[in-house]
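One file, input28.pdb, is given below (PDB, C-alpha atoms).
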ATOM      1  CA  MET A1474      69.648  90.746-141.768
ATOM      2  CA  THR A1475      71.007  88.036-139.465
ATOM      3  CA  ILE A1476      69.026  84.965-138.480
ATOM      4  CA  SER A1477      70.048  83.738-135.040
ATOM      5  CA  VAL A1478      69.863  79.944-134.863
ATOM      6  CA  GLY A1479      70.511  78.057-131.661
ATOM      7  CA  TYR A1480      71.352  74.419-132.074
ATOM      8  CA  ILE A1481      70.915  71.574-129.633
ATOM      9  CA  VAL A1482      72.838  68.327-129.898
ATOM     10  CA  GLY A1483      70.756  65.500-128.428
ATOM     11  CA  SER A1484      73.787  63.651-127.085
ATOM     12  CA  LEU A1485      76.071  64.384-124.153
ATOM     13  CA  SER A1486      79.074  62.650-125.710
ATOM     14  CA  GLU A1487      81.864  64.925-126.911
ATOM     15  CA  GLN A1488      82.613  62.244-129.541
ATOM     16  CA  SER A1489      78.997  61.993-130.705
ATOM     17  CA  ILE A1490      78.510  61.540-134.424
ATOM     18  CA  ASN A1491      75.614  64.000-134.121
ATOM     19  CA  ARG A1492      77.910  66.587-132.535
ATOM     20  CA  ARG A1493      80.243  66.114-135.500
ATOM     21  CA  LEU A1494      77.279  66.513-137.856
ATOM     22  CA  ALA A1495      76.144  69.664-136.002
ATOM     23  CA  ASP A1496      79.620  71.183-136.324
ATOM     24  CA  TYR A1497      79.634  70.362-140.037
ATOM     25  CA  VAL A1498      76.178  71.851-140.570
ATOM     26  CA  ALA A1499      77.215  74.999-138.685
ATOM     27  CA  SER A1500      80.330  75.292-140.861
ATOM     28  CA  ARG A1501      78.162  75.164-144.013
ATOM     29  CA  ALA A1502      75.689  77.837-142.854
ATOM     30  CA  PRO A1503      75.118  80.505-145.478
ATOM     31  CA  ALA A1504      75.938  84.145-144.887
ATOM     32  CA  GLY A1505      73.324  85.779-142.707
ATOM     33  CA  PHE A1506      72.902  82.824-140.355
ATOM     34  CA  GLU A1507      74.547  82.950-136.946
ATOM     35  CA  LEU A1508      74.678  79.583-135.139
ATOM     36  CA  THR A1509      75.273  79.105-131.429
ATOM     37  CA  GLU A1510      75.077  75.869-129.483
ATOM     38  CA  ILE A1511      72.528  75.765-126.697
ATOM     39  CA  PRO A1512      74.110  73.245-124.329
ATOM     40  CA  ILE A1513      72.003  70.730-122.425
ATOM     41  CA  ARG A1514      74.751  68.996-120.433
ATOM     42  CA  ASP A1515      74.180  70.840-117.139
ATOM     43  CA  LEU A1516      70.402  70.512-116.976
ATOM     44  CA  PRO A1517      69.193  68.428-114.039
ATOM     45  CA  LEU A1518      66.322  66.009-114.540
ATOM     46  CA  TYR A1519      63.109  67.968-114.896
ATOM     47  CA  ASN A1520      61.079  68.012-111.689
ATOM     48  CA  TYR A1521      57.784  69.857-111.296
ATOM     49  CA  ASP A1522      58.771  70.673-107.698
ATOM     50  CA  LEU A1523      61.471  72.998-109.079
ATOM     51  CA  ASP A1524      59.120  75.125-111.199
ATOM     52  CA  GLN A1525      58.827  77.898-108.591
ATOM     53  CA  GLN A1526      62.598  78.181-108.154
ATOM     54  CA  PRO A1527      64.234  76.605-111.190
ATOM     55  CA  PRO A1528      67.957  75.869-111.053
ATOM     56  CA  ALA A1529      70.302  78.388-112.675
ATOM     57  CA  ALA A1530      71.090  75.961-115.524
ATOM     58  CA  ALA A1531      67.395  75.765-116.447
ATOM     59  CA  VAL A1532      66.970  79.550-116.323
ATOM     60  CA  ALA A1533      70.038  80.018-118.546
ATOM     61  CA  PHE A1534      68.755  77.335-120.931
ATOM     62  CA  LYS A1535      65.368  79.031-121.324
ATOM     63  CA  GLN A1536      67.059  82.407-121.879
ATOM     64  CA  ALA A1537      69.273  80.866-124.557
ATOM     65  CA  ILE A1538      66.240  79.460-126.382
ATOM     66  CA  GLU A1539      64.462  82.812-126.198
ATOM     67  CA  SER A1540      67.509  84.661-127.575
ATOM     68  CA  HIS A1541      67.273  82.835-130.931
ATOM     69  CA  ASN A1542      64.835  83.129-133.824
ATOM     70  CA  SER A1543      65.123  79.441-134.637
ATOM     71  CA  VAL A1544      66.349  76.197-133.130
ATOM     72  CA  LEU A1545      68.094  73.378-134.956
ATOM     73  CA  PHE A1546      67.862  69.966-133.263
ATOM     74  CA  VAL A1547      70.596  67.472-134.169
ATOM     75  CA  THR A1548      69.600  64.199-132.589
ATOM     76  CA  PRO A1549      70.665  60.599-132.392
ATOM     77  CA  GLU A1550      68.074  57.844-132.291
ATOM     78  CA  TYR A1551      67.914  55.754-129.132
ATOM     79  CA  ASN A1552      65.534  52.792-129.085
ATOM     80  CA  ARG A1553      63.553  54.168-132.052
ATOM     81  CA  SER A1554      62.959  57.557-130.409
ATOM     82  CA  ILE A1555      64.748  60.633-129.090
ATOM     83  CA  PRO A1556      67.325  60.391-126.301
ATOM     84  CA  GLY A1557      66.119  61.007-122.747
ATOM     85  CA  VAL A1558      68.533  63.902-122.333
ATOM     86  CA  LEU A1559      66.912  65.703-125.266
ATOM     87  CA  LYS A1560      63.396  65.079-123.926
ATOM     88  CA  ASN A1561      64.554  66.428-120.560
ATOM     89  CA  ALA A1562      65.812  69.617-122.237
ATOM     90  CA  ILE A1563      62.557  70.007-124.136
ATOM     91  CA  ASP A1564      60.622  69.650-120.878
ATOM     92  CA  TRP A1565      62.719  72.339-119.150
ATOM     93  CA  GLY A1566      62.152  74.677-122.110
ATOM     94  CA  SER A1567      58.376  74.239-121.936
ATOM     95  CA  ARG A1568      57.989  74.755-118.171
ATOM     96  CA  PRO A1569      56.684  76.062-115.875
ATOM     97  CA  TRP A1570      53.197  75.894-117.325
ATOM     98  CA  GLY A1571      52.439  79.052-119.302
ATOM     99  CA  GLN A1572      56.128  79.900-119.843
ATOM    100  CA  ASN A1573      56.890  77.812-122.930
ATOM    101  CA  SER A1574      60.154  79.128-124.400
ATOM    102  CA  TRP A1575      59.713  77.092-127.599
ATOM    103  CA  ASP A1576      56.409  78.669-128.654
ATOM    104  CA  GLY A1577      56.527  80.683-131.881
ATOM    105  CA  ARG A1578      60.047  79.702-132.910
ATOM    106  CA  GLU A1579      61.044  77.911-136.078
ATOM    107  CA  ALA A1580      62.630  74.483-135.775
ATOM    108  CA  ALA A1581      64.526  72.106-137.989
ATOM    109  CA  VAL A1582      65.612  68.549-137.236
ATOM    110  CA  LEU A1583      68.654  66.603-138.448
ATOM    111  CA  GLY A1584      70.421  63.486-137.328
ATOM    112  CA  ALA A1585      72.969  60.798-138.040
ATOM    113  CA  GLY A1586      72.625  57.160-137.118
ATOM    114  CA  LEU A1587      74.464  53.904-137.591
ATOM    115  CA  ASN A1588      71.715  52.266-139.655
ATOM    116  CA  GLY A1589      70.495  52.911-143.185
ATOM    117  CA  ALA A1590      67.596  55.087-142.040
ATOM    118  CA  GLY A1591      69.810  57.426-140.046
ATOM    119  CA  THR A1592      67.525  58.863-137.373
ATOM    120  CA  ALA A1593      64.220  58.932-139.267
ATOM    121  CA  VAL A1594      62.061  57.506-136.463
ATOM    122  CA  ALA A1595      63.532  59.778-133.787
ATOM    123  CA  GLN A1596      63.067  62.772-136.066
ATOM    124  CA  SER A1597      59.434  61.873-136.629
ATOM    125  CA  HIS A1598      58.815  61.648-132.879
ATOM    126  CA  LEU A1599      60.664  64.908-132.265
ATOM    127  CA  ARG A1600      58.687  66.782-134.923
ATOM    128  CA  GLY A1601      55.433  65.752-133.248
ATOM    129  CA  ILE A1602      56.657  67.069-129.889
ATOM    130  CA  LEU A1603      57.890  70.359-131.364
ATOM    131  CA  ILE A1604      54.642  71.014-133.210
ATOM    132  CA  TYR A1605      52.716  70.410-129.973
ATOM    133  CA  LEU A1606      54.956  73.000-128.281
ATOM    134  CA  GLY A1607      53.995  75.650-130.861
ATOM    135  CA  MET A1608      57.106  75.567-133.015
ATOM    136  CA  THR A1609      56.960  75.870-136.790
ATOM    137  CA  VAL A1610      58.889  72.825-137.984
ATOM    138  CA  VAL A1611      60.606  72.642-141.356
ATOM    139  CA  GLY A1612      59.395  69.373-142.853
ATOM    140  CA  THR A1613      61.796  69.018-145.764
ATOM    141  CA  PRO A1614      64.355  68.147-146.648
ATOM    142  CA  GLU A1615      64.716  65.370-144.142
ATOM    143  CA  VAL A1616      68.381  64.965-143.308
ATOM    144  CA  CYS A1617      68.794  61.435-141.926
ATOM    145  CA  VAL A1618      72.437  60.630-142.400
ATOM    146  CA  PRO A1619      73.482  56.959-142.330
ATOM    147  CA  TRP A1620      76.828  57.386-140.569
ATOM    148  CA  SER A1621      80.244  56.287-141.742
ATOM    149  CA  ASP A1622      83.609  57.716-140.726
ATOM    150  CA  SER A1623      84.036  59.377-144.119
ATOM    151  CA  ILE A1624      80.492  60.714-144.467
ATOM    152  CA  LEU A1625      81.422  64.344-143.767
ATOM    153  CA  ASP A1626      83.921  64.205-146.626
ATOM    154  CA  SER A1627      81.202  63.081-149.017
ATOM    155  CA  SER A1628      79.749  65.268-151.754
ATOM    156  CA  VAL A1629      76.413  63.557-150.989
ATOM    157  CA  THR A1630      76.452  64.950-147.447
ATOM    158  CA  GLU A1631      77.478  68.362-148.728
ATOM    159  CA  ALA A1632      74.498  68.320-151.106
ATOM    160  CA  TYR A1633      72.157  67.211-148.295
ATOM    161  CA  VAL A1634      73.359  69.947-145.961
ATOM    162  CA  ASP A1635      73.318  72.683-148.589
ATOM    163  CA  GLY A1636      69.826  71.537-149.599
ATOM    164  CA  PHE A1637      68.783  71.722-145.968
ATOM    165  CA  TRP A1638      70.022  75.314-145.681
ATOM    166  CA  ARG A1639      68.190  76.295-148.898
ATOM    167  CA  ARG A1640      64.902  74.846-147.620
ATOM    168  CA  PHE A1641      65.392  76.341-144.162
ATOM    169  CA  ALA A1642      66.061  79.804-145.612
ATOM    170  CA  ILE A1643      62.988  79.524-147.858
ATOM    171  CA  SER A1644      60.813  78.448-144.922
ATOM    172  CA  LEU A1645      61.990  81.565-143.058
ATOM    173  CA  ARG A1646      61.181  83.614-146.170
ATOM    174  CA  THR A1647      64.835  84.510-146.636
ATOM    175  CA  PRO A1648      65.771  82.739-149.902
ATOM    176  CA  ASP A1649      68.295  85.480-150.721
ATOM    177  CA  MET A1650      70.456  84.188-147.844
ATOM    178  CA  VAL A1651      71.297  80.847-149.439
ATOM    179  CA  ARG A1652      74.441  80.028-151.421
TER     180      ARG A1652
END
Please render this file's structure as structure tokens.
Amino acid sequence: MTISVGYIVGSLSEQSINRRLADYVASRAPAGFELTEIPIRDLPLYNYDLDQQPPAAAVAFKQAIESHNSVLFVTPEYNRSIPGVLKNAIDWGSRPWGQNSWDGREAAVLGAGLNGAGTAVAQSHLRGILIYLGMTVVGTPEVCVPWSDSILDSSVTEAYVDGFWRRFAISLRTPDMVR
């Protein structure tokens, strides 16, 4: 059995610490999990006027969401909340009204930040949005990584990430898929 997980990085920067975290998390995925990035870079700003004829990037984005069992959000924290680009992507995925691509999917949230709390506040805000959209959100373990250049070489991070995968597999009722 393969669990298809799409992941979204809430930053457009190719050098983003959250992109680096997402790549690390993907590299530590247990057997049976297939991860694919769902890019958000090409999405225009959401505009209700486009609902009847959405741009190709929005159509492709919604199809990518719908092709996965679960979605992993790896987000930075901007001004104590989620980045605008991530909120924009979430809006495209939930529209037009009645065509919510997020509904019924499992979600998990991770993030790395430059302060001691990592991205705890942004993750809290994001979980509230995802629950409203009908996603089942894994609540623990919270993975809020306080960033340093050597953090991905740390046994602490390895333990956090492996713990995340164990909890995620259990929440999907697939505990046999963990290391």
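The neighbours of stretch 1481-1486 of chain A here are the residues that come within 8 Å of it, using only C-alpha atoms and leaving out any residue fewer than 2 positions away in the same chain; they are Gly1479, Gln1488, Ser1489, Asn1491, Arg1492, Ala1495, Glu1510, Ile1511, Pro1512, Ile1513, Arg1514, Val1544, Leu1545, Phe1546, Val1547, Thr1548, Pro1549, Ile1555, Pro1556, Val1558 and Leu1559 of chain A.
Using all atoms listed in the file, the shortest contact distance between A:Ile1604 and any of A:Arg1578, A:Ser1644, A:Leu1583, A:Asp1622 is found at A:Arg1578.
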**OP:** Pick out the residues sitting within 12 Å of A:Pro1527, and hand them over as a ChimeraX atom specification; count only C-alpha atoms, and ignore anything fewer than 3 positions along from it in its own chain.
**Re:** /A:1516-1524,1530-1535,1565-1566,1568-1569
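The interatomic distance for the pair atom CA of A:Thr1509 and atom CA of A:Met1608 works out to 18.6 Å.
Taking atom CA of A:Ser1540 and atom CA of A:Leu1645 as endpoints, the distance between them is 16.7 Å.
The space separating atom CA of A:Ala1580 from atom CA of A:Ser1543 comes to 5.7 Å.
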**OP:** Just say which residues the PyMOL selection byres ((chain A and resi 1577) around 9) picks in this file, as number ranges by chain.
**Re:** A: 1542, 1574-1576, 1578-1579, 1606-1609
**OP:** Give the answer as one residue: which of A:Arg1493, A:Lys1560, A:Arg1501, A:His1598 has the shortest atom-to-atom distance to A:Val1634, using all atoms listed in the file?
**Re:** A:Arg1501
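At a cut-off of 9 Å from (75.2, 79.2, -136.9), the residue set is Ile1476, Ser1477, Val1478, Gly1479, Tyr1480, Val1498, Ala1499, Ser1500, Arg1501, Ala1502, Pro1503, Gly1505, Phe1506, Glu1507, Leu1508, Thr1509 and Glu1510 of chain A (counting only C-alpha atoms).
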